[in-house]
>>> print(open('run.cif').read())   # mmCIF, C-alpha atoms
data_protein
#
loop_
_atom_site.label_atom_id
_atom_site.label_comp_id
_atom_site.auth_asym_id
_atom_site.auth_seq_id
_atom_site.Cartn_x
_atom_site.Cartn_y
_atom_site.Cartn_z
CA MET A 4 9.36 4.80 -20.50
CA ASN A 5 5.88 3.85 -19.31
CA ILE A 6 2.81 3.94 -21.55
CA SER A 7 -0.75 4.50 -20.33
CA PHE A 8 -4.14 5.73 -21.54
CA LEU A 9 -5.78 8.50 -19.54
CA ASP A 10 -9.02 10.45 -19.48
CA PRO A 11 -8.09 14.16 -19.15
CA THR A 12 -11.53 14.95 -17.72
CA LYS A 13 -10.56 12.82 -14.70
CA THR A 14 -6.88 13.79 -14.48
CA GLU A 15 -5.91 16.55 -12.05
CA LYS A 16 -3.97 19.53 -13.42
CA TRP A 17 -4.13 18.16 -16.96
CA ASP A 18 -3.92 21.58 -18.57
CA GLU A 19 -0.84 22.47 -16.52
CA LEU A 20 0.83 19.33 -17.87
CA ILE A 21 0.15 20.04 -21.55
CA LEU A 22 1.32 23.65 -21.25
CA ASN A 23 4.85 22.26 -20.86
CA PHE A 24 4.79 21.37 -24.58
CA PRO A 25 5.31 24.28 -27.04
CA SER A 26 2.77 22.90 -29.56
CA TYR A 27 -0.13 22.79 -27.09
CA SER A 28 -3.51 24.06 -28.23
CA PHE A 29 -7.01 24.46 -26.85
CA PHE A 30 -7.89 21.14 -28.49
CA HIS A 31 -5.52 19.37 -26.08
CA SER A 32 -7.30 20.81 -23.03
CA SER A 33 -9.43 18.98 -20.49
CA ASP A 34 -12.27 21.46 -21.09
CA TRP A 35 -12.47 20.57 -24.79
CA ALA A 36 -12.45 16.88 -23.85
CA LYS A 37 -15.35 17.51 -21.45
CA VAL A 38 -17.37 19.27 -24.14
CA LEU A 39 -16.93 16.38 -26.60
CA LYS A 40 -17.51 13.71 -23.98
CA GLU A 41 -20.64 15.27 -22.49
CA THR A 42 -22.18 16.27 -25.83
CA TYR A 43 -21.54 13.19 -27.96
CA ASN A 44 -20.60 10.51 -25.42
CA PHE A 45 -17.20 10.03 -27.05
CA LYS A 46 -14.80 8.06 -24.87
CA PRO A 47 -11.30 9.55 -24.26
CA HIS A 48 -8.23 7.33 -24.80
CA TYR A 49 -5.36 9.81 -24.40
CA PHE A 50 -2.06 8.03 -25.07
CA VAL A 51 0.52 9.20 -22.51
CA VAL A 52 4.23 8.35 -22.27
CA THR A 53 5.94 9.02 -18.92
CA GLU A 54 9.51 8.70 -17.68
CA SER A 55 10.48 9.08 -14.02
CA GLY A 56 7.05 10.49 -13.33
CA ASN A 57 7.30 13.15 -16.06
CA ILE A 58 5.05 13.22 -19.13
CA LYS A 59 7.17 12.95 -22.27
CA ALA A 60 4.47 12.60 -24.93
CA VAL A 61 0.71 12.91 -25.36
CA LEU A 62 -1.36 11.76 -28.32
CA PRO A 63 -5.06 12.52 -27.70
CA LEU A 64 -7.59 9.99 -28.98
CA MET A 65 -11.33 9.65 -28.66
CA GLU A 66 -13.48 6.66 -29.44
CA VAL A 67 -16.42 7.28 -31.76
CA ASN A 68 -18.78 4.30 -31.69
CA SER A 69 -21.51 4.54 -34.33
CA PHE A 70 -23.74 1.98 -35.97
CA PHE A 71 -23.46 4.12 -39.15
CA THR A 72 -19.70 4.69 -39.35
CA GLY A 73 -18.31 1.98 -37.06
CA LYS A 74 -16.02 2.07 -34.04
CA ARG A 75 -13.21 4.52 -34.75
CA ALA A 76 -10.39 6.40 -33.00
CA ILE A 77 -9.92 10.06 -33.89
CA SER A 78 -7.35 12.62 -32.76
CA LEU A 79 -9.62 14.53 -32.15
CA PRO A 80 -13.29 14.70 -33.24
CA PHE A 81 -14.52 18.15 -34.36
CA SER A 82 -11.01 19.54 -33.83
CA ASP A 83 -9.34 21.56 -36.57
CA PHE A 84 -5.93 20.13 -35.70
CA CYS A 85 -4.37 18.14 -32.88
CA GLU A 86 -0.60 17.85 -32.97
CA PRO A 87 0.92 15.09 -30.83
CA LEU A 88 2.77 16.67 -27.90
CA VAL A 89 6.26 15.21 -27.85
CA SER A 90 9.44 16.05 -25.90
CA SER A 91 12.80 16.03 -27.66
CA GLY A 92 14.37 12.62 -27.91
CA VAL A 93 11.06 10.75 -27.97
CA ASN A 94 10.46 8.44 -30.94
CA LEU A 95 7.13 9.62 -32.36
CA ARG A 96 7.16 6.90 -35.01
CA GLY A 97 7.33 4.25 -32.30
CA ILE A 98 4.51 5.92 -30.38
CA ARG A 99 2.24 5.91 -33.41
CA HIS A 100 2.81 2.20 -33.95
CA LYS A 101 2.01 1.57 -30.28
CA VAL A 102 -1.21 3.51 -30.75
CA ILE A 103 -2.10 1.42 -33.80
CA ASP A 104 -1.52 -1.80 -31.84
CA TYR A 105 -3.79 -0.45 -29.09
CA CYS A 106 -6.51 0.50 -31.58
CA LYS A 107 -6.38 -2.93 -33.18
CA ALA A 108 -6.68 -4.59 -29.77
CA LYS A 109 -9.73 -2.41 -29.03
CA GLY A 110 -11.36 -3.43 -32.30
CA PHE A 111 -11.35 0.03 -33.87
CA LYS A 112 -12.15 0.18 -37.56
CA SER A 113 -9.73 3.05 -38.22
CA LEU A 114 -7.42 5.60 -36.67
CA GLU A 115 -7.63 9.19 -37.89
CA LEU A 116 -4.84 11.68 -37.15
CA ARG A 117 -5.22 15.44 -37.58
CA ASP A 118 -1.76 16.95 -37.59
CA SER A 119 0.87 18.34 -39.93
CA GLU A 120 2.97 15.24 -40.49
CA VAL A 121 2.66 11.49 -40.19
CA HIS A 122 5.22 8.92 -39.06
CA LEU A 123 3.86 5.65 -40.42
CA ASP A 124 5.10 3.34 -43.14
CA ASN A 125 3.49 3.61 -46.60
CA SER A 126 1.88 6.90 -45.72
CA ILE A 127 0.10 9.04 -48.31
CA ILE A 128 -0.09 12.75 -47.47
CA THR A 129 -3.34 14.50 -48.38
CA PRO A 130 -3.84 18.18 -47.45
CA ALA A 131 -7.08 18.73 -45.52
CA GLY A 132 -6.84 22.51 -45.57
CA TYR A 133 -4.91 25.42 -44.15
CA GLN A 134 -4.44 26.99 -40.77
CA HIS A 135 -3.58 30.66 -40.32
CA ILE A 136 -1.68 32.00 -37.30
CA LEU A 137 -1.34 35.64 -36.28
CA ASP A 138 1.63 36.73 -34.16
CA LEU A 139 0.29 39.12 -31.50
CA SER A 140 3.67 40.16 -30.11
CA PHE A 141 3.70 43.34 -32.22
CA SER A 142 2.12 46.66 -31.29
CA GLU A 143 -1.50 47.38 -32.19
CA GLU A 144 -0.33 50.00 -34.66
CA ARG A 145 1.99 47.55 -36.42
CA LEU A 146 -0.70 44.86 -36.48
CA PHE A 147 -3.07 47.27 -38.20
CA LYS A 148 -0.42 48.22 -40.76
CA SER A 149 0.17 44.53 -41.51
CA LEU A 150 -3.46 44.09 -42.60
CA SER A 151 -4.23 44.00 -46.31
CA ASP A 152 -5.55 47.19 -47.88
CA ASN A 153 -8.92 45.52 -48.39
CA THR A 154 -9.15 44.45 -44.75
CA ARG A 155 -8.36 47.95 -43.45
CA ARG A 156 -10.87 49.42 -45.90
CA ASN A 157 -13.60 47.05 -44.72
CA ILE A 158 -12.92 47.84 -41.05
CA ARG A 159 -13.30 51.55 -41.77
CA LYS A 160 -16.45 50.92 -43.78
CA ALA A 161 -18.04 49.06 -40.84
CA VAL A 162 -17.17 51.99 -38.57
CA ARG A 163 -18.74 54.48 -41.03
CA ASN A 164 -21.83 52.27 -41.17
CA GLN A 165 -22.08 52.60 -37.38
CA VAL A 166 -21.63 48.91 -36.72
CA SER A 167 -20.90 48.39 -33.02
CA ILE A 168 -19.08 45.54 -31.28
CA GLU A 169 -19.90 43.83 -27.99
CA ILE A 170 -17.80 41.23 -26.18
CA ASN A 171 -20.36 39.46 -24.09
CA ASN A 172 -20.47 36.05 -22.41
CA SER A 173 -24.09 36.24 -21.32
CA PRO A 174 -26.65 33.51 -22.13
CA SER A 175 -28.35 35.97 -24.52
CA ALA A 176 -25.07 36.38 -26.43
CA LEU A 177 -24.86 32.61 -26.84
CA GLU A 178 -28.47 32.56 -28.06
CA ASP A 179 -27.76 35.32 -30.61
CA PHE A 180 -24.71 33.43 -31.85
CA TYR A 181 -26.58 30.14 -32.14
CA ILE A 182 -29.43 31.65 -34.16
CA MET A 183 -26.96 33.17 -36.62
CA ASN A 184 -24.97 29.93 -36.68
CA CYS A 185 -28.07 28.01 -37.75
CA TYR A 186 -28.61 30.34 -40.73
CA THR A 187 -24.91 30.28 -41.63
CA ARG A 188 -24.74 26.49 -41.59
CA ARG A 189 -27.86 26.25 -43.74
CA ARG A 190 -26.31 28.68 -46.24
CA HIS A 191 -23.35 26.29 -46.47
CA GLY A 192 -25.60 23.26 -46.98
CA LEU A 193 -25.01 21.84 -43.49
CA PRO A 194 -27.11 21.28 -40.37
CA PRO A 195 -26.10 23.26 -37.27
CA GLN A 196 -24.27 21.60 -34.41
CA PRO A 197 -26.58 20.52 -31.58
CA LEU A 198 -27.54 23.31 -29.18
CA LYS A 199 -26.35 20.98 -26.42
CA PHE A 200 -22.81 21.28 -27.80
CA PHE A 201 -22.75 25.07 -27.47
CA ARG A 202 -24.38 24.96 -24.06
CA ASN A 203 -21.63 22.61 -22.88
CA LEU A 204 -19.01 24.87 -24.45
CA TYR A 205 -20.59 27.74 -22.55
CA ASP A 206 -20.74 25.86 -19.23
CA PHE A 207 -17.27 24.26 -19.36
CA VAL A 208 -15.32 27.04 -21.08
CA LEU A 209 -16.91 30.46 -21.48
CA THR A 210 -18.22 30.72 -17.91
CA LYS A 211 -14.62 30.09 -16.74
CA ASN A 212 -13.34 33.07 -18.78
CA LYS A 213 -11.49 30.71 -21.10
CA GLY A 214 -13.09 32.30 -24.13
CA PHE A 215 -15.56 34.93 -25.22
CA ILE A 216 -18.32 35.72 -27.71
CA SER A 217 -17.98 38.76 -29.96
CA ILE A 218 -21.08 40.26 -31.53
CA SER A 219 -21.48 42.87 -34.27
CA LYS A 220 -24.65 44.95 -33.99
CA TYR A 221 -26.42 47.33 -36.34
CA ASN A 222 -29.28 49.47 -35.05
CA GLY A 223 -29.40 47.22 -32.00
CA LYS A 224 -29.68 43.99 -34.04
CA SER A 225 -27.05 41.22 -33.84
CA ILE A 226 -25.76 40.65 -37.39
CA ALA A 227 -22.47 38.74 -36.89
CA SER A 228 -20.81 36.79 -34.11
CA ALA A 229 -17.70 34.78 -33.32
CA VAL A 230 -16.49 32.45 -30.56
CA PHE A 231 -12.87 32.63 -29.38
CA LEU A 232 -11.25 30.12 -27.01
CA PHE A 233 -8.08 30.39 -24.86
CA ILE A 234 -5.45 28.28 -23.19
CA GLY A 235 -2.10 29.51 -21.91
CA GLN A 236 -0.93 32.28 -24.24
CA LYS A 237 -2.76 30.96 -27.29
CA ALA A 238 -6.16 31.99 -28.65
CA LEU A 239 -8.33 30.19 -31.18
CA PHE A 240 -11.01 31.55 -33.50
CA LYS A 241 -13.31 28.52 -33.55
CA TYR A 242 -16.76 29.57 -34.77
CA GLY A 243 -18.10 32.44 -36.82
CA ALA A 244 -21.63 33.23 -37.98
CA SER A 245 -23.41 36.13 -39.66
CA LEU A 246 -26.60 37.23 -41.37
CA PHE A 247 -25.90 37.30 -45.11
CA GLU A 248 -28.18 40.26 -45.85
CA TYR A 249 -25.94 42.55 -43.76
CA GLN A 250 -22.58 41.52 -45.22
CA ASN A 251 -22.30 44.77 -47.22
CA LEU A 252 -21.82 46.57 -43.88
CA ARG A 253 -18.64 44.50 -43.32
CA PRO A 254 -19.50 43.52 -39.72
CA ASN A 255 -17.13 40.54 -39.71
CA ASN A 256 -14.08 42.70 -40.37
CA LEU A 257 -14.71 45.09 -37.51
CA LEU A 258 -15.68 42.19 -35.25
CA MET A 259 -12.38 40.41 -35.95
CA TRP A 260 -10.26 43.54 -35.46
CA GLU A 261 -11.87 44.45 -32.13
CA SER A 262 -11.56 40.80 -31.01
CA ILE A 263 -7.86 40.74 -31.94
CA LYS A 264 -7.26 43.84 -29.82
CA CYS A 265 -9.13 42.28 -26.89
CA ILE A 266 -7.21 39.00 -27.21
CA LYS A 267 -3.91 40.88 -27.29
CA ASP A 268 -4.92 42.87 -24.18
CA LYS A 269 -5.64 39.59 -22.38
CA GLY A 270 -2.00 38.55 -22.87
CA SER A 271 -2.23 36.05 -25.73
CA SER A 272 0.85 35.80 -27.93
CA GLU A 273 -0.88 34.28 -30.97
CA LEU A 274 -4.28 33.81 -32.55
CA ASN A 275 -5.00 30.71 -34.61
CA PHE A 276 -7.79 31.28 -37.14
CA GLY A 277 -8.61 27.55 -37.27
CA ARG A 278 -8.98 25.32 -40.31
CA THR A 279 -9.87 26.54 -43.78
CA GLU A 280 -10.82 24.02 -46.44
CA ILE A 281 -8.69 23.94 -49.60
CA GLU A 282 -11.61 24.91 -51.84
CA ASN A 283 -12.83 27.80 -49.65
CA ILE A 284 -10.95 30.54 -51.47
CA GLY A 285 -12.97 33.38 -49.97
CA LEU A 286 -12.38 32.37 -46.36
CA ARG A 287 -8.70 31.77 -47.07
CA ARG A 288 -8.39 35.27 -48.54
CA PHE A 289 -10.18 36.73 -45.50
CA LYS A 290 -7.76 35.07 -43.08
CA LEU A 291 -4.66 35.96 -45.08
CA GLY A 292 -5.83 39.58 -45.00
CA TRP A 293 -4.97 39.79 -41.29
CA GLY A 294 -1.24 39.33 -41.79
CA THR A 295 -1.30 35.67 -40.79
CA GLU A 296 1.18 32.91 -41.48
CA GLU A 297 -0.35 30.12 -43.55
CA LYS A 298 0.40 26.43 -42.96
CA ILE A 299 -0.81 23.30 -44.69
CA LEU A 300 -2.95 21.04 -42.50
CA ASN A 301 -3.12 17.28 -43.08
CA TYR A 302 -5.55 14.61 -41.88
CA TYR A 303 -4.83 10.89 -42.21
CA ARG A 304 -6.92 7.78 -41.74
CA PHE A 305 -5.17 4.49 -41.06
CA GLU A 306 -7.48 1.62 -42.00
CA LEU A 307 -6.85 -1.07 -39.41
CA GLY A 308 -6.77 -4.72 -40.43
CA LYS A 309 -6.90 -3.95 -44.16
CA ASN A 310 -4.04 -2.90 -46.42
CA GLY A 311 -2.16 -1.01 -43.71
CA LYS A 312 -1.97 2.20 -45.71
CA ILE A 313 -3.19 5.72 -45.14
CA ASN A 314 -6.56 6.29 -46.78
CA THR A 315 -6.62 9.47 -48.89
CA SER A 316 -10.41 9.90 -48.75
CA THR A 317 -10.56 11.35 -45.24
CA LYS A 318 -13.16 14.12 -45.00
CA SER A 319 -14.50 16.02 -42.04
CA PHE A 320 -18.25 16.34 -41.71
CA SER A 321 -18.10 20.02 -42.67
CA GLN A 322 -16.74 18.98 -46.10
CA ARG A 323 -19.76 16.78 -46.83
CA ARG A 324 -21.92 19.37 -48.57
CA LEU A 325 -25.59 18.42 -48.63
CA PRO A 326 -28.60 20.00 -50.43
CA LEU A 327 -30.00 21.44 -47.21
CA ASN A 328 -30.05 25.18 -47.92
CA ARG A 329 -33.81 25.20 -48.46
CA PHE A 330 -34.69 23.20 -45.36
CA PRO A 331 -36.40 24.99 -42.44
CA ILE A 332 -34.09 25.73 -39.50
CA SER A 333 -36.26 23.66 -37.14
CA LEU A 334 -35.74 20.55 -39.28
CA LEU A 335 -32.00 21.21 -39.68
CA ARG A 336 -31.61 21.42 -35.90
CA ILE A 337 -33.20 18.00 -35.54
CA ILE A 338 -30.92 16.57 -38.25
CA GLY A 339 -27.86 18.08 -36.58
CA SER A 340 -28.76 16.65 -33.18
CA ILE A 341 -28.92 13.18 -34.75
CA VAL A 342 -26.07 13.00 -37.25
CA TYR A 343 -23.10 14.87 -35.75
CA LYS A 344 -22.14 12.17 -33.26
CA HIS A 345 -21.86 9.68 -36.13
CA PHE A 346 -19.73 11.80 -38.48
CA ALA A 347 -17.12 13.33 -36.17
#
>>> encode(input="run.cif", output="structure tokens")
Amino acid sequence: MNISFLDPTKTEKWDELILNFPSYSFFHSSDWAKVLKETYNFKPHYFVVTESGNIKAVLPLMEVNSFFTGKRAISLPFSDFCEPLVSSGVNLRGIRHKVIDYCKAKGFKSLELRDSEVHLDNSIITPAGYQHILDLSFSEERLFKSLSDNTRRNIRKAVRNQVSIEINNSPSALEDFYIMNCYTRRRHGLPPQPLKFFRNLYDFVLTKNKGFISISKYNGKSIASAVFLFIGQKALFKYGASLFEYQNLRPNNLLMWESIKCIKDKGSSELNFGRTEIENIGLRRFKLGWGTEEKILNYYRFELGKNGKINTSTKSFSQRRLPLNRFPISLLRIIGSIVYKHFA
């Protein structure tokens, strides 16, 4: 077998290659790599194993080089999960050790892996959250019956409250989403992602019909929104935002249900609701209410050149709660544009 490191943004038919692996996701795609590369200047180092010209394994990596947090390799930054893509008969343990040797040679401070299991000596498993997956192979009627009583009740309440839903990939839809996202992030004590990030997501993904924006409206006003992304037959709920003062109308429930129906009509076989932090009980309950299958999600950081063990303190930036909920949105946007590239 031959080992190489590739940049998927420069590799022809990359997405066709990864679709050959059952565990592919949008995070493995060349479009997602382009968004991260163009927004944050992260450098792709995708570890690829080939045999007789066929790709047998892929472990995506990106280099994050920061004077605050050091030079690190992550699989992948700002990605909820990123399983290694491996054909049967391939030694994943051996691949991981090859990746570690490569990272050491490149002078990386650490290697962070975001998948469900680790194949390294002296590993310590620390759950980073949950992921929830909805099987869309059933009929719409059966999907609705599989919802929790509370979820069905909230959908009907939104309908009674005359909440309407739009699926719209226009620039104005992106603007509506971003405004609500800023308020939602502030409510959670976090700065919003840079506007440049969402503009790149729009240019590289949404304009190619590889995703869509859903918007809940009340009396003509946008009060909730969500961004869904697609690859192959899999859909991903990546971002959600809403105006807190309208939550009693239950716009998020109707928005999700109408989005699920649209995703199913587009031919997707599953919807992944993304990562939910362990301590976020409310969001976990919301996602379980859709009849999803819950799985534990693990992140690992391998500290290179130190004790050779997995560090249990790995945290994504979204877990670093800060006292920012009283800051003006304009200031939070400036903070977000500065700090996100350092804390991927």
>>> closest_residue(input="run.cif", among="A:Ile281, A:Met4, A:Leu257, A:Ile216", to="A:Tyr242", atoms="all atoms listed in the file")
A:Ile216
>>> residues_around(input="run.cif", residues="stretch 262-275 of chain A", least_positions_apart="5", cutoff="10 Å", atoms="all atoms listed in the file", output="ChimeraX atom specification")
/A:28,134-143,146-147,168-170,214-218,229-241,256-257,290,293,295-296
>>> residues_near_point(input="run.cif", point="(-2.0, -0.8, -32.1)", cutoff="12 Å", atoms="all atoms listed in the file", output="CSV table (one decimal) with C-alpha atoms, in the coordinates of the input")
chain,number,residue,atom,x,y,z
A,50,PHE,CA,-2.1,8.0,-25.1
A,76,ALA,CA,-10.4,6.4,-33.0
A,97,GLY,CA,7.3,4.2,-32.3
A,98,ILE,CA,4.5,5.9,-30.4
A,99,ARG,CA,2.2,5.9,-33.4
A,100,HIS,CA,2.8,2.2,-34.0
A,101,LYS,CA,2.0,1.6,-30.3
A,102,VAL,CA,-1.2,3.5,-30.8
A,103,ILE,CA,-2.1,1.4,-33.8
A,104,ASP,CA,-1.5,-1.8,-31.8
A,105,TYR,CA,-3.8,-0.4,-29.1
A,106,CYS,CA,-6.5,0.5,-31.6
A,107,LYS,CA,-6.4,-2.9,-33.2
A,108,ALA,CA,-6.7,-4.6,-29.8
A,109,LYS,CA,-9.7,-2.4,-29.0
A,110,GLY,CA,-11.4,-3.4,-32.3
A,111,PHE,CA,-11.4,0.0,-33.9
A,112,LYS,CA,-12.2,0.2,-37.6
A,113,SER,CA,-9.7,3.0,-38.2
A,114,LEU,CA,-7.4,5.6,-36.7
A,305,PHE,CA,-5.2,4.5,-41.1
A,306,GLU,CA,-7.5,1.6,-42.0
A,307,LEU,CA,-6.8,-1.1,-39.4
A,308,GLY,CA,-6.8,-4.7,-40.4
A,311,GLY,CA,-2.2,-1.0,-43.7
>>> closest_residue(input="run.cif", among="A:Ala244, A:Ile341, A:Met65, A:Ile226", to="A:Leu39", atoms="all atoms listed in the file")
A:Met65
>>> residues_around(input="run.cif", residues="A:Ser32", least_positions_apart="5", cutoff="8 Å", atoms="only C-alpha atoms", output="ChimeraX atom specification")
/A:11,17-18,21,234
>>> write_last_selection(input="run.cif", atoms="C-alpha atoms", output="PDB file, in the coordinates of the input")
ATOM      1  CA  PRO A  11      -8.090  14.160 -19.150  1.00  0.00           C
ATOM      2  CA  TRP A  17      -4.130  18.160 -16.960  1.00  0.00           C
ATOM      3  CA  ASP A  18      -3.920  21.580 -18.570  1.00  0.00           C
ATOM      4  CA  ILE A  21       0.150  20.040 -21.550  1.00  0.00           C
ATOM      5  CA  ILE A 234      -5.450  28.280 -23.190  1.00  0.00           C
TER       6      ILE A 234
END
>>> resolve_selection(input="run.cif", expression="the PyMOL selection byres ((chain A and resi 10) around 10)", output="list in words")
Phe8, Leu9, Pro11, Thr12, Lys13, Thr14, Trp17, Ser33, Ala36, Lys37, Lys46, Pro47, His48, Tyr49, Phe50, Pro63, Leu64 and Met65 of chain A
>>> closest_residue(input="run.cif", among="A:Tyr221, A:Arg75, A:Leu20, A:Asn172", to="A:Arg202", atoms="all atoms listed in the file")
A:Asn172
>>> closest_residue(input="run.cif", among="A:Leu291, A:Met183, A:Val93, A:Val51", to="A:Ser149", atoms="only C-alpha atoms")
A:Leu291
>>> atom_distance(input="run.cif", atom1="atom CA of A:Pro197", atom2="atom CA of A:Leu335")
9.8 Å
>>> resolve_selection(input="run.cif", expression="the PyMOL selection byres ((chain A and resi 345) around 10)", output="JSON, numbers by chain")
{"A": [43, 67, 68, 69, 70, 71, 72, 73, 74, 320, 341, 342, 343, 344, 346, 347]}
>>> residues_near_point(input="run.cif", point="(-4.4, 17.4, -30.3)", cutoff="12 Å", atoms="all atoms listed in the file", output="PyMOL selection string")
chain A and resi 21+24+26-33+35-36+49-50+60-65+77-89+115-119+302
>>> residues_around(input="run.cif", residues="stretch 250-255 of chain A", least_positions_apart="4", cutoff="6 Å", atoms="all atoms listed in the file", output="number ranges by chain")
A: 157, 161, 219
>>> closest_residue(input="run.cif", among="A:Asn44, A:Asn164, A:Asn328, A:Asn212", to="A:Lys199", atoms="only C-alpha atoms")
A:Asn44
>>> atom_distance(input="run.cif", atom1="atom CA of A:Phe207", atom2="atom CA of A:Leu22")
18.7 Å
>>> resolve_selection(input="run.cif", expression="the PyMOL selection byres ((chain A and resi 179) around 10)", output="list in words")
Pro174, Ser175, Ala176, Leu177, Glu178, Phe180, Tyr181, Ile182, Met183, Asn184, Ile216, Ile218, Lys224, Ser225, Ile226, Ala227, Ser228 and Ala244 of chain A
>>> axis_aligned_box(input="run.cif", around="stretch 246-264 of chain A", padding_each_side="6 Å", output="AutoDock Vina command-line options")
--center_x -17.7 --center_y 41.9 --center_z -38.5 --size_x 32.9 --size_y 21.3 --size_z 29.4
>>> closest_residue(input="run.cif", among="A:Cys185, A:Leu334, A:Ile58, A:Val38", to="A:Ile6", atoms="only C-alpha atoms")
A:Ile58
>>> atom_distance(input="run.cif", atom1="atom CA of A:Tyr249", atom2="atom CA of A:Glu144")
28.2 Å
